[in-house]
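> Contents of data.txt (compact mmCIF, C-alpha atoms (C1' of nucleotides)) are below:
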```txt
# COMPACT_ATOMS: atom_id res chain seq x y z
CA MET A 1 187.81 27.13 256.58
CA LEU A 2 188.72 27.17 252.90
CA SER A 3 190.87 24.13 253.49
CA GLU A 4 187.70 22.12 254.03
CA LEU A 5 186.64 22.84 250.48
CA ILE A 6 190.13 22.01 249.16
CA GLU A 7 190.04 18.74 251.06
CA HIS A 8 186.62 17.95 249.68
CA ILE A 9 187.84 18.53 246.14
CA GLN A 10 190.95 16.46 246.77
CA ASN A 11 188.80 13.49 247.64
CA TYR A 12 188.09 13.34 243.92
CA ILE A 13 191.02 14.90 242.05
CA TYR A 14 194.64 15.75 242.65
CA LEU A 15 195.73 19.40 242.86
CA THR A 16 199.30 20.70 243.09
CA PRO A 17 200.08 23.42 245.66
CA GLU A 18 200.14 25.98 242.82
CA GLU A 19 196.73 24.84 241.65
CA ILE A 20 195.38 25.10 245.17
CA GLU A 21 196.72 28.64 245.18
CA ILE A 22 194.92 29.50 241.95
CA LEU A 23 191.70 28.04 243.27
CA SER A 24 191.99 29.83 246.60
CA ASN A 25 192.29 33.15 244.84
CA GLU A 26 188.98 32.73 243.07
CA VAL A 27 186.94 31.58 246.02
CA SER A 28 185.87 33.83 248.87
CA ILE A 29 184.59 32.91 252.29
CA GLN A 30 181.51 34.62 253.66
CA THR A 31 179.47 34.42 256.81
CA ILE A 32 175.74 34.73 256.32
CA SER A 33 173.45 35.44 259.22
CA ARG A 34 170.23 33.58 259.85
CA LYS A 35 167.45 34.54 257.40
CA ALA A 36 169.83 36.51 255.15
CA PHE A 37 169.48 35.97 251.40
CA LEU A 38 172.01 34.94 248.76
CA LEU A 39 169.42 35.10 245.99
CA LYS A 40 165.94 36.50 245.58
CA GLU A 41 163.23 36.02 242.99
CA GLY A 42 163.80 38.29 240.00
CA GLU A 43 167.58 38.37 240.36
CA VAL A 44 170.13 36.48 238.30
CA CYS A 45 172.02 33.94 240.39
CA GLU A 46 175.68 34.95 240.29
CA ALA A 47 177.52 32.17 242.09
CA ASN A 48 177.72 28.58 243.14
CA TYR A 49 177.78 28.20 246.94
CA PHE A 50 179.51 25.55 249.04
CA VAL A 51 178.38 25.22 252.64
CA LEU A 52 181.26 25.00 255.12
CA LYS A 53 179.12 25.30 258.23
CA GLY A 54 175.41 25.89 258.68
CA CYS A 55 172.56 25.39 256.27
CA LEU A 56 171.05 27.04 253.20
CA ARG A 57 167.67 26.46 251.65
CA LEU A 58 166.47 26.96 248.08
CA TYR A 59 162.78 27.78 247.92
CA SER A 60 160.01 29.41 245.92
CA VAL A 61 157.06 31.52 246.97
CA ASP A 62 153.86 31.00 245.01
CA ASP A 63 150.99 33.36 244.30
CA ASP A 64 149.27 32.88 247.66
CA LEU A 65 152.57 33.40 249.53
CA LYS A 66 153.12 29.73 250.35
CA GLU A 67 156.77 28.71 250.54
CA GLN A 68 157.98 25.58 248.80
CA THR A 69 161.43 24.33 249.85
CA VAL A 70 163.07 22.73 246.84
CA GLN A 71 166.41 21.85 248.40
CA PHE A 72 168.48 22.09 251.57
CA ALA A 73 172.26 22.32 251.57
CA ILE A 74 174.18 21.40 254.70
CA GLU A 75 177.91 21.06 255.31
CA HIS A 76 179.82 20.01 252.17
CA TRP A 77 176.99 20.49 249.73
CA TRP A 78 176.93 22.82 246.76
CA ILE A 79 173.81 24.82 246.07
CA SER A 80 172.70 27.35 243.48
CA ASP A 81 169.90 28.01 241.04
CA TYR A 82 171.71 26.32 238.18
CA LEU A 83 169.06 27.29 235.66
CA SER A 84 169.66 30.95 236.44
CA LEU A 85 173.41 30.63 236.99
CA GLU A 86 174.20 28.90 233.69
CA ASN A 87 171.83 30.77 231.43
CA SER A 88 171.95 34.18 233.10
CA ILE A 89 168.19 34.26 233.33
CA LEU A 90 166.06 35.70 236.11
CA SER A 91 165.53 33.32 238.98
CA SER A 92 162.16 32.49 240.45
CA LEU A 93 163.77 31.13 243.61
CA TYR A 94 165.22 32.29 246.90
CA ILE A 95 168.37 31.07 248.64
CA GLN A 96 168.34 31.81 252.34
CA ALA A 97 170.35 30.77 255.41
CA THR A 98 168.31 28.82 257.94
CA GLU A 99 170.97 29.44 260.59
CA GLU A 100 174.24 31.38 260.72
CA THR A 101 176.17 29.88 257.84
CA ILE A 102 179.72 30.00 256.51
CA ILE A 103 180.05 29.48 252.77
CA ALA A 104 182.62 29.40 250.01
CA VAL A 105 181.48 31.50 247.07
CA LEU A 106 182.43 30.58 243.52
CA PRO A 107 181.18 33.34 241.19
CA ARG A 108 180.19 32.38 237.68
CA ALA A 109 183.07 34.21 235.97
CA ALA A 110 185.55 32.65 238.38
CA GLN A 111 184.11 29.23 237.70
CA ASP A 112 184.47 29.65 233.95
CA GLU A 113 188.04 30.80 234.37
CA LEU A 114 188.89 27.97 236.74
CA PHE A 115 187.56 25.39 234.32
CA GLU A 116 190.01 26.78 231.77
CA ARG A 117 192.99 26.88 234.09
CA LEU A 118 192.30 23.72 236.10
CA PRO A 119 190.52 21.34 233.76
CA GLN A 120 190.57 18.61 236.41
CA LEU A 121 187.87 20.61 238.14
CA GLU A 122 185.51 19.48 235.42
CA ARG A 123 185.91 15.99 236.79
CA TYR A 124 185.14 17.10 240.33
CA PHE A 125 181.94 18.85 239.30
CA ARG A 126 181.00 16.07 236.91
CA ILE A 127 180.96 13.74 239.90
CA ILE A 128 179.17 16.26 242.13
CA TYR A 129 176.40 16.88 239.60
CA GLN A 130 176.05 13.24 238.68
CA ARG A 131 175.42 12.39 242.34
CA ALA A 132 173.10 15.32 242.81
CA TYR A 133 171.15 14.21 239.74
CA ALA A 134 170.97 10.62 240.96
CA ALA A 135 169.74 11.84 244.35
CA SER A 136 167.05 14.02 242.83
CA ILE A 137 165.83 11.18 240.62
CA TRP A 138 165.59 9.04 243.73
CA ARG A 139 163.64 11.82 245.41
CA ILE A 140 161.14 12.12 242.56
CA HIS A 141 160.60 8.39 242.73
CA HIS A 142 160.15 8.65 246.50
CA ILE A 143 157.64 11.51 246.24
CA PHE A 144 155.38 9.56 243.92
CA SER A 145 155.65 6.15 245.53
CA LYS A 146 155.25 7.07 249.21
CA THR A 147 152.59 8.90 251.20
CA GLY A 148 153.33 12.11 253.07
CA GLU A 149 153.47 10.18 256.31
CA GLU A 150 155.99 7.68 254.94
CA ARG A 151 158.13 10.49 253.56
CA TYR A 152 158.15 12.20 256.92
CA PHE A 153 159.28 9.11 258.85
CA GLN A 154 161.83 8.25 256.16
CA PHE A 155 163.33 11.72 256.41
CA VAL A 156 163.53 11.61 260.20
CA LYS A 157 165.19 8.21 259.95
CA MET A 158 167.72 9.38 257.36
CA PHE A 159 168.56 12.74 258.96
CA PRO A 160 167.72 12.54 262.67
CA ASN A 161 170.15 15.31 263.62
CA PHE A 162 169.22 17.64 260.80
CA VAL A 163 165.54 17.50 261.76
CA GLN A 164 166.46 19.21 265.03
CA ARG A 165 168.06 22.10 263.19
CA ILE A 166 165.11 23.30 261.12
CA PRO A 167 161.59 24.41 262.03
CA GLN A 168 158.87 21.95 261.26
CA TYR A 169 157.18 24.16 258.71
CA MET A 170 160.32 24.13 256.56
CA LEU A 171 160.53 20.37 256.66
CA ALA A 172 156.84 20.23 255.78
CA SER A 173 157.36 22.43 252.73
CA PHE A 174 160.30 20.24 251.68
CA LEU A 175 158.25 17.05 251.98
CA GLY A 176 155.29 18.57 250.17
CA VAL A 177 152.87 18.46 253.11
CA THR A 178 151.46 21.04 255.53
CA PRO A 179 152.85 21.74 259.01
CA GLU A 180 149.45 20.75 260.44
CA PHE A 181 149.72 17.37 258.79
CA ILE A 182 153.13 16.68 260.35
CA SER A 183 151.71 17.72 263.69
CA THR A 184 148.92 15.21 263.29
CA ILE A 185 151.06 12.23 262.35
CA ARG A 186 153.50 12.97 265.16
CA ALA A 187 150.64 13.09 267.66
CA LYS A 188 149.16 9.76 266.76
CA LYS A 189 152.49 7.89 266.87
CA MET B 1 174.19 6.82 213.54
CA LEU B 2 177.18 7.12 215.85
CA SER B 3 178.02 10.42 214.18
CA GLU B 4 174.97 11.91 215.85
CA LEU B 5 176.49 11.26 219.25
CA ILE B 6 179.85 12.65 218.12
CA GLU B 7 178.13 15.76 216.84
CA HIS B 8 176.25 16.12 220.10
CA ILE B 9 179.50 15.93 222.06
CA GLN B 10 181.18 18.39 219.71
CA ASN B 11 178.55 20.96 220.53
CA TYR B 12 180.32 21.22 223.87
CA ILE B 13 183.95 20.21 223.42
CA TYR B 14 186.47 19.84 220.61
CA LEU B 15 187.69 16.40 219.60
CA THR B 16 190.47 15.60 217.12
CA PRO B 17 189.87 12.89 214.50
CA GLU B 18 192.06 10.53 216.54
CA GLU B 19 190.03 11.21 219.66
CA ILE B 20 186.83 10.56 217.77
CA GLU B 21 188.35 7.25 216.73
CA ILE B 22 189.14 6.34 220.34
CA LEU B 23 185.63 7.25 221.41
CA SER B 24 184.03 5.33 218.57
CA ASN B 25 185.87 2.19 219.56
CA GLU B 26 184.39 2.23 223.04
CA VAL B 27 180.79 2.90 222.10
CA SER B 28 178.53 0.36 220.46
CA ILE B 29 175.26 0.91 218.65
CA GLN B 30 172.31 -1.32 219.45
CA THR B 31 168.74 -1.59 218.29
CA ILE B 32 166.24 -2.40 221.02
CA SER B 33 162.78 -3.60 220.17
CA ARG B 34 159.64 -2.26 221.79
CA LYS B 35 159.19 -3.46 225.39
CA ALA B 36 162.70 -4.95 225.56
CA PHE B 37 164.71 -4.24 228.72
CA LEU B 38 168.14 -2.72 229.22
CA LEU B 39 167.93 -3.09 232.99
CA LYS B 40 165.71 -4.95 235.43
CA GLU B 41 165.20 -4.69 239.16
CA GLY B 42 167.83 -6.68 241.04
CA GLU B 43 170.51 -6.26 238.37
CA VAL B 44 173.49 -3.90 238.44
CA CYS B 45 173.27 -1.24 235.74
CA GLU B 46 176.25 -1.73 233.47
CA ALA B 47 176.15 1.18 231.05
CA ASN B 48 175.11 4.70 230.28
CA TYR B 49 172.73 4.89 227.31
CA PHE B 50 172.35 7.62 224.71
CA VAL B 51 169.16 7.57 222.64
CA LEU B 52 169.78 8.07 218.92
CA LYS B 53 166.23 7.28 217.84
CA GLY B 54 163.19 6.16 219.77
CA CYS B 55 162.48 6.36 223.47
CA LEU B 56 163.47 4.69 226.72
CA ARG B 57 161.78 4.89 230.07
CA LEU B 58 163.16 4.42 233.58
CA TYR B 59 160.56 3.10 236.00
CA SER B 60 159.95 1.22 239.21
CA VAL B 61 157.35 -1.35 240.16
CA ASP B 62 156.06 -1.15 243.72
CA ASP B 63 154.64 -3.85 245.97
CA ASP B 64 151.14 -3.77 244.50
CA LEU B 65 152.56 -3.94 240.94
CA LYS B 66 151.94 -0.30 240.10
CA GLU B 67 154.45 1.19 237.70
CA GLN B 68 156.03 4.57 238.42
CA THR B 69 157.82 6.21 235.47
CA VAL B 70 160.73 8.20 236.86
CA GLN B 71 162.17 9.45 233.58
CA PHE B 72 161.80 9.32 229.82
CA ALA B 73 164.74 9.62 227.44
CA ILE B 74 164.12 10.63 223.85
CA GLU B 75 166.53 11.50 221.05
CA HIS B 76 169.81 12.96 222.33
CA TRP B 77 169.21 12.22 225.99
CA TRP B 78 171.39 10.08 228.21
CA ILE B 79 169.73 7.70 230.62
CA SER B 80 170.87 5.19 233.21
CA ASP B 81 170.37 4.27 236.85
CA TYR B 82 173.29 6.37 238.03
CA LEU B 83 172.99 5.17 241.59
CA SER B 84 173.50 1.60 240.45
CA LEU B 85 175.98 2.43 237.68
CA GLU B 86 178.39 4.41 239.82
CA ASN B 87 178.27 2.35 242.98
CA SER B 88 177.81 -1.08 241.45
CA ILE B 89 174.81 -1.71 243.63
CA LEU B 90 171.64 -3.58 242.74
CA SER B 91 169.09 -1.47 240.95
CA SER B 92 165.46 -1.22 241.97
CA LEU B 93 164.51 0.17 238.57
CA TYR B 94 163.73 -0.95 235.05
CA ILE B 95 164.88 0.60 231.78
CA GLN B 96 162.64 -0.35 228.88
CA ALA B 97 162.12 0.78 225.29
CA THR B 98 158.67 2.27 224.70
CA GLU B 99 159.15 1.90 220.94
CA GLU B 100 161.83 0.45 218.68
CA THR B 101 164.90 2.37 219.79
CA ILE B 102 168.47 2.83 218.58
CA ILE B 103 170.98 3.59 221.29
CA ALA B 104 174.68 4.22 221.82
CA VAL B 105 175.95 2.13 224.72
CA LEU B 106 178.78 3.39 226.93
CA PRO B 107 179.68 0.60 229.38
CA ARG B 108 180.99 1.61 232.78
CA ALA B 109 184.51 0.30 232.21
CA ALA B 110 184.68 2.06 228.85
CA GLN B 111 183.51 5.29 230.44
CA ASP B 112 186.20 5.14 233.12
CA GLU B 113 188.82 4.48 230.48
CA LEU B 114 187.58 7.27 228.23
CA PHE B 115 187.68 9.76 231.08
CA GLU B 116 191.39 8.88 231.44
CA ARG B 117 192.22 9.09 227.77
CA LEU B 118 189.98 12.00 226.80
CA PRO B 119 189.73 14.22 229.86
CA GLN B 120 187.69 16.79 227.91
CA LEU B 121 184.84 14.32 228.15
CA GLU B 122 184.57 15.23 231.82
CA ARG B 123 183.51 18.67 230.68
CA TYR B 124 180.87 17.28 228.34
CA PHE B 125 179.33 15.13 231.05
CA ARG B 126 179.70 17.88 233.65
CA ILE B 127 177.44 20.01 231.46
CA ILE B 128 175.04 17.15 230.74
CA TYR B 129 174.60 16.28 234.41
CA GLN B 130 174.39 19.87 235.52
CA ARG B 131 171.50 20.42 233.13
CA ALA B 132 169.86 17.17 234.07
CA TYR B 133 170.12 18.14 237.73
CA ALA B 134 168.70 21.61 237.09
CA ALA B 135 165.82 20.05 235.16
CA SER B 136 165.01 17.58 237.91
CA ILE B 137 165.05 20.33 240.55
CA TRP B 138 162.61 22.24 238.37
CA ARG B 139 160.47 19.14 238.14
CA ILE B 140 160.39 18.63 241.91
CA HIS B 141 159.32 22.23 242.30
CA HIS B 142 156.66 21.73 239.62
CA ILE B 143 155.31 18.55 241.25
CA PHE B 144 154.72 20.28 244.57
CA SER B 145 153.44 23.60 243.31
CA LYS B 146 150.97 22.46 240.62
CA THR B 147 147.94 20.18 240.62
CA GLY B 148 147.79 16.99 238.59
CA GLU B 149 145.60 18.73 236.04
CA GLU B 150 148.04 21.63 235.65
CA ARG B 151 150.96 19.22 235.26
CA TYR B 152 149.12 17.35 232.55
CA PHE B 153 148.34 20.43 230.47
CA GLN B 154 151.84 21.80 231.00
CA PHE B 155 153.33 18.56 229.72
CA VAL B 156 151.09 18.47 226.67
CA LYS B 157 152.02 22.07 225.94
CA MET B 158 155.76 21.43 226.32
CA PHE B 159 155.89 18.12 224.42
CA PRO B 160 152.89 17.98 222.08
CA ASN B 161 154.54 15.53 219.70
CA PHE B 162 155.94 13.26 222.36
CA VAL B 163 152.51 12.83 223.95
CA GLN B 164 151.40 11.07 220.74
CA ARG B 165 154.20 8.53 221.05
CA ILE B 166 153.42 7.07 224.46
CA PRO B 167 150.34 5.40 225.92
CA GLN B 168 148.35 7.49 228.34
CA TYR B 169 148.98 5.24 231.31
CA MET B 170 152.74 5.84 231.00
CA LEU B 171 152.29 9.58 230.93
CA ALA B 172 150.00 9.26 233.96
CA SER B 173 152.65 7.35 235.89
CA PHE B 174 155.22 10.00 234.94
CA LEU B 175 153.01 12.84 236.13
CA GLY B 176 152.10 11.05 239.34
CA VAL B 177 148.39 10.66 238.58
CA THR B 178 146.16 7.76 237.53
CA PRO B 179 145.15 7.01 233.91
CA GLU B 180 141.51 7.44 234.99
CA PHE B 181 142.25 10.93 236.17
CA ILE B 182 143.77 11.95 232.83
CA SER B 183 140.76 10.51 231.10
CA THR B 184 138.50 12.65 233.23
CA ILE B 185 140.29 15.94 232.72
CA ARG B 186 140.52 15.36 228.97
CA ALA B 187 136.78 14.68 228.80
CA LYS B 188 135.72 17.83 230.56
CA LYS B 189 137.92 20.12 228.42
C1' DC C 1 137.77 -13.95 214.99
C1' DG C 2 138.70 -13.48 219.66
C1' DC C 3 141.71 -12.02 223.13
C1' DG C 4 144.46 -8.83 225.54
C1' DA C 5 145.90 -4.14 226.04
C1' DC C 6 144.31 0.36 226.52
C1' DG C 7 141.03 3.92 227.46
C1' DT C 8 136.55 5.68 229.46
C1' DT C 9 132.95 6.61 232.82
C1' DG C 10 130.77 6.93 237.22
C1' DA C 11 130.21 5.79 242.36
C1' DT C 12 132.57 5.78 246.38
C1' DT C 13 136.45 6.53 249.44
C1' DT C 14 140.47 8.71 251.41
C1' DG C 15 144.64 11.34 252.29
C1' DC C 16 145.66 15.54 253.02
C1' DC C 17 144.45 20.50 252.86
C1' DT C 18 142.10 24.62 254.58
C1' DC C 19 140.65 27.39 258.05
C1' DA C 20 140.26 28.85 262.62
C1' DA C 21 141.27 28.99 267.34
C1' DC C 22 144.27 28.09 270.76
C1' DG C 23 149.00 26.96 273.51
C1' DA C 24 153.99 27.29 273.97
C1' DT C 25 158.28 29.37 273.29
C1' DT C 26 161.39 32.90 271.99
C1' DG C 27 163.27 37.28 271.77
C1' DT C 28 163.16 42.13 272.04
C1' DG C 29 162.35 46.85 273.67
C1' DG C 30 160.82 49.57 277.48
C1' DC D 1 163.78 41.79 284.09
C1' DC D 2 159.36 41.70 282.77
C1' DA D 3 155.62 42.52 279.13
C1' DC D 4 154.10 41.55 275.07
C1' DA D 5 154.37 40.41 270.33
C1' DA D 6 155.86 37.49 267.00
C1' DT D 7 156.88 32.96 265.68
C1' DC D 8 156.05 28.26 265.76
C1' DG D 9 153.45 24.21 266.84
C1' DT D 10 148.93 21.81 268.00
C1' DT D 11 144.15 20.38 267.56
C1' DG D 12 139.80 19.67 265.40
C1' DA D 13 135.93 20.44 261.95
C1' DG D 14 134.87 20.45 257.38
C1' DG D 15 136.03 20.12 252.44
C1' DC D 16 138.18 18.79 248.13
C1' DA D 17 141.34 16.74 244.71
C1' DA D 18 142.47 12.67 243.19
C1' DA D 19 142.65 7.56 244.15
C1' DT D 20 140.25 3.28 244.08
C1' DC D 21 137.19 0.06 242.29
C1' DA D 22 134.31 -1.84 238.95
C1' DA D 23 132.10 -2.22 234.62
C1' DC D 24 132.10 -1.40 230.02
C1' DG D 25 133.82 0.20 225.13
C1' DT D 26 137.29 -0.11 221.50
C1' DC D 27 140.99 -1.10 218.91
C1' DG D 28 144.91 -3.73 217.04
C1' DC D 29 147.11 -7.94 216.50
C1' DG D 30 148.32 -13.04 216.64
```
Before we go any further, please render this structure as structure tokens.


Amino acid sequence: MLSELIEHIQNYIYLTPEEIEILSNEVSIQTISRKAFLLKEGEVCEANYFVLKGCLRLYSVDDDLKEQTVQFAIEHWWISDYLSLENSILSSLYIQATEETIIAVLPRAAQDELFERLPQLERYFRIIYQRAYAASIWRIHHIFSKTGEERYFQFVKMFPNFVQRIPQYMLASFLGVTPEFISTIRAKK
Amino acid sequence: MLSELIEHIQNYIYLTPEEIEILSNEVSIQTISRKAFLLKEGEVCEANYFVLKGCLRLYSVDDDLKEQTVQFAIEHWWISDYLSLENSILSSLYIQATEETIIAVLPRAAQDELFERLPQLERYFRIIYQRAYAASIWRIHHIFSKTGEERYFQFVKMFPNFVQRIPQYMLASFLGVTPEFISTIRAKK
DNA sequence: CGCGACGTTGATTTGCCTCAACGATTGTGG
DNA sequence: CCACAATCGTTGAGGCAAATCAACGTCGCG
């Protein structure tokens, strides 16, 4: 399973066998069962997670117990609360598996050490974060310029398979609408 | 002026005098007058811009000519359409100066070359993009979990000086509300 | 000065939420 | 293997936050 992460990295940078060895020693593989947590509100996020199989979601819970899904991570995506991870501050978010999920775990200390020993990794993550940033800018633009209905149909069009994998209320909270509203627009189509 | 960018980079990585020289040769300083454009819809974004003084905004114009401000960049912020810059695809966005602005320009080809010659720069940009990504995730969360009124007061509280520098309709389009709505909530306070 | 850009105010409309009640499906313990 | 609860989705009535539209005020600048 770890080889999938190595392959992903090698799409962007070259690593010698020794370097792969170093990397492999710092990363651990874990299996997370459905609804298990990697992070809860009030904790400090301790690692960066790479999804090998399954799906994680990053979400918040507000005062009246409503959940707000900020991000999903499926196969070959990194996810973490970077605000908490980088500044060692308490997180206000949750990271939870939406299905049984296999992940590669890169703890903060290991990441710091790896950046020292394998400086090419900086390039890999530079590219990863640049894309993630570009995608989130696109998403902000999308949120403001489209209605809830348009966002729903756009999402279904972009990720037809993924839609099957998550309950509708999670998709609703990702799109910033209510489950009832999705129900309504699906009915009238 | 360029020294400000060098200093900013040296907050994160070390550069020798020779490396600073190499960097300086690839970056040019430009002064952009108010309302001038660095990028228009339908063009390919050719550079990454660092604001030394002044302010740039990244925005879209939708079918009925409404403007949607996706991002502001003030002193010591990088801005670009990264989707267009990295993939050489046509942009659907505009980058415009909201006031007379001095920028450092890092063209795409120069950036690629610099990453080869000064690999430490990968680290600098890795950190920049990681923070930018974390900030935009926070913003998405904020958009969905707060009302327009709360977002307005939060923004004024976080950037009291910046609010003075931009017209209200631009702030409105950044917050995802109408200028009329901001008018109303200011009146009743 | 006069015009265009920006901001204000109020009337009306609307997209989506809230709340509540009711199926359908899943899964778990007896 | 069934009973029953919990979870998830649906439907509809009513309400509200914010948009739209229109008219008017004000300021700065060519």

> Return as a PyMOL selection string the residues belonging to chain B that are within 8 Å of chain C, counting only C-alpha atoms (C1' of nucleotides).

chain B and resi 167+180+183

> Per residue of chain B within 6 Å of chain A, note the shortest atom pair and the distance in Å to one decimal, counting all atoms listed in the file, and order the rows by chain and increasing residue number, as JSON lines.


```
{"residue": "B:Val70", "atom": "CA", "partner": "A:His141", "partner_atom": "CA", "distance": 5.9}
{"residue": "B:Tyr82", "atom": "CA", "partner": "A:Ala134", "partner_atom": "CA", "distance": 5.7}
{"residue": "B:Leu83", "atom": "CA", "partner": "A:Ala134", "partner_atom": "CA", "distance": 5.8}
{"residue": "B:Glu122", "atom": "CA", "partner": "A:Arg123", "partner_atom": "CA", "distance": 5.2}
{"residue": "B:Arg123", "atom": "CA", "partner": "A:Glu122", "partner_atom": "CA", "distance": 5.2}
{"residue": "B:Arg126", "atom": "CA", "partner": "A:Arg126", "partner_atom": "CA", "distance": 3.9}
{"residue": "B:Tyr129", "atom": "CA", "partner": "A:Gln130", "partner_atom": "CA", "distance": 5.4}
{"residue": "B:Gln130", "atom": "CA", "partner": "A:Tyr129", "partner_atom": "CA", "distance": 5.4}
{"residue": "B:Tyr133", "atom": "CA", "partner": "A:Tyr133", "partner_atom": "CA", "distance": 4.5}
{"residue": "B:Ala134", "atom": "CA", "partner": "A:Tyr82", "partner_atom": "CA", "distance": 5.7}
{"residue": "B:His141", "atom": "CA", "partner": "A:Val70", "partner_atom": "CA", "distance": 5.9}
{"residue": "B:Phe144", "atom": "CA", "partner": "A:Gly176", "partner_atom": "CA", "distance": 5.9}
{"residue": "B:Gly176", "atom": "CA", "partner": "A:Phe144", "partner_atom": "CA", "distance": 5.8}
```

> Just want the 9 Å neighbourhood of B:Leu2, counted on all atoms listed in the file, with same-chain residues fewer than 6 positions away dropped. Output as a list in words.

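Counting all atoms listed in the file, the residues come to Ser24, Val27, Ser28, Ile29, Leu52, Ile103 and Ala104 of chain B.
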
> Near chain D, meaning an atom within 10 Å, which residues of chain B appear when counting only C-alpha atoms (C1' of nucleotides)? Write them as a ChimeraX atom specification.

/B:147-149,177-178,180-181

> Using only C-alpha atoms (C1' of nucleotides), which protein or nucleic acid residues come within 10 Å of stretch 18-20 of chain A? Drop anything in the same chain fewer than 2 positions from it, and give the result as a count of residues only.

13

> Could you work out how far atom CA of A:Ile32 lies from atom CA of A:Glu4, giving the answer in Å with one decimal?

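Value for the atom CA of A:Glu4-atom CA of A:Ile32 distance: 17.5 Å.
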
> What is the distance, in Å and to one decimal place, between atom CA of B:Gln164 and atom CA of B:Leu56?

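Taking atom CA of B:Gln164 and atom CA of B:Leu56, their separation equals 14.9 Å.
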
> Once 6 Å is added on each side, what centre and edge lengths in Å to one decimal does the axis-aligned box around all listed atoms of stretch 4-21 of chain C have, as JSON?


```
{"center_x": 138.1, "center_y": 10.1, "center_z": 246.4, "size_x": 27.7, "size_y": 49.8, "size_z": 53.8}
```

> Tell me, in Å to one decimal, how far atom CA of B:Cys55 is from atom CA of B:Leu90.

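Answer for the atom CA of B:Cys55 to atom CA of B:Leu90 separation: 23.5 Å.
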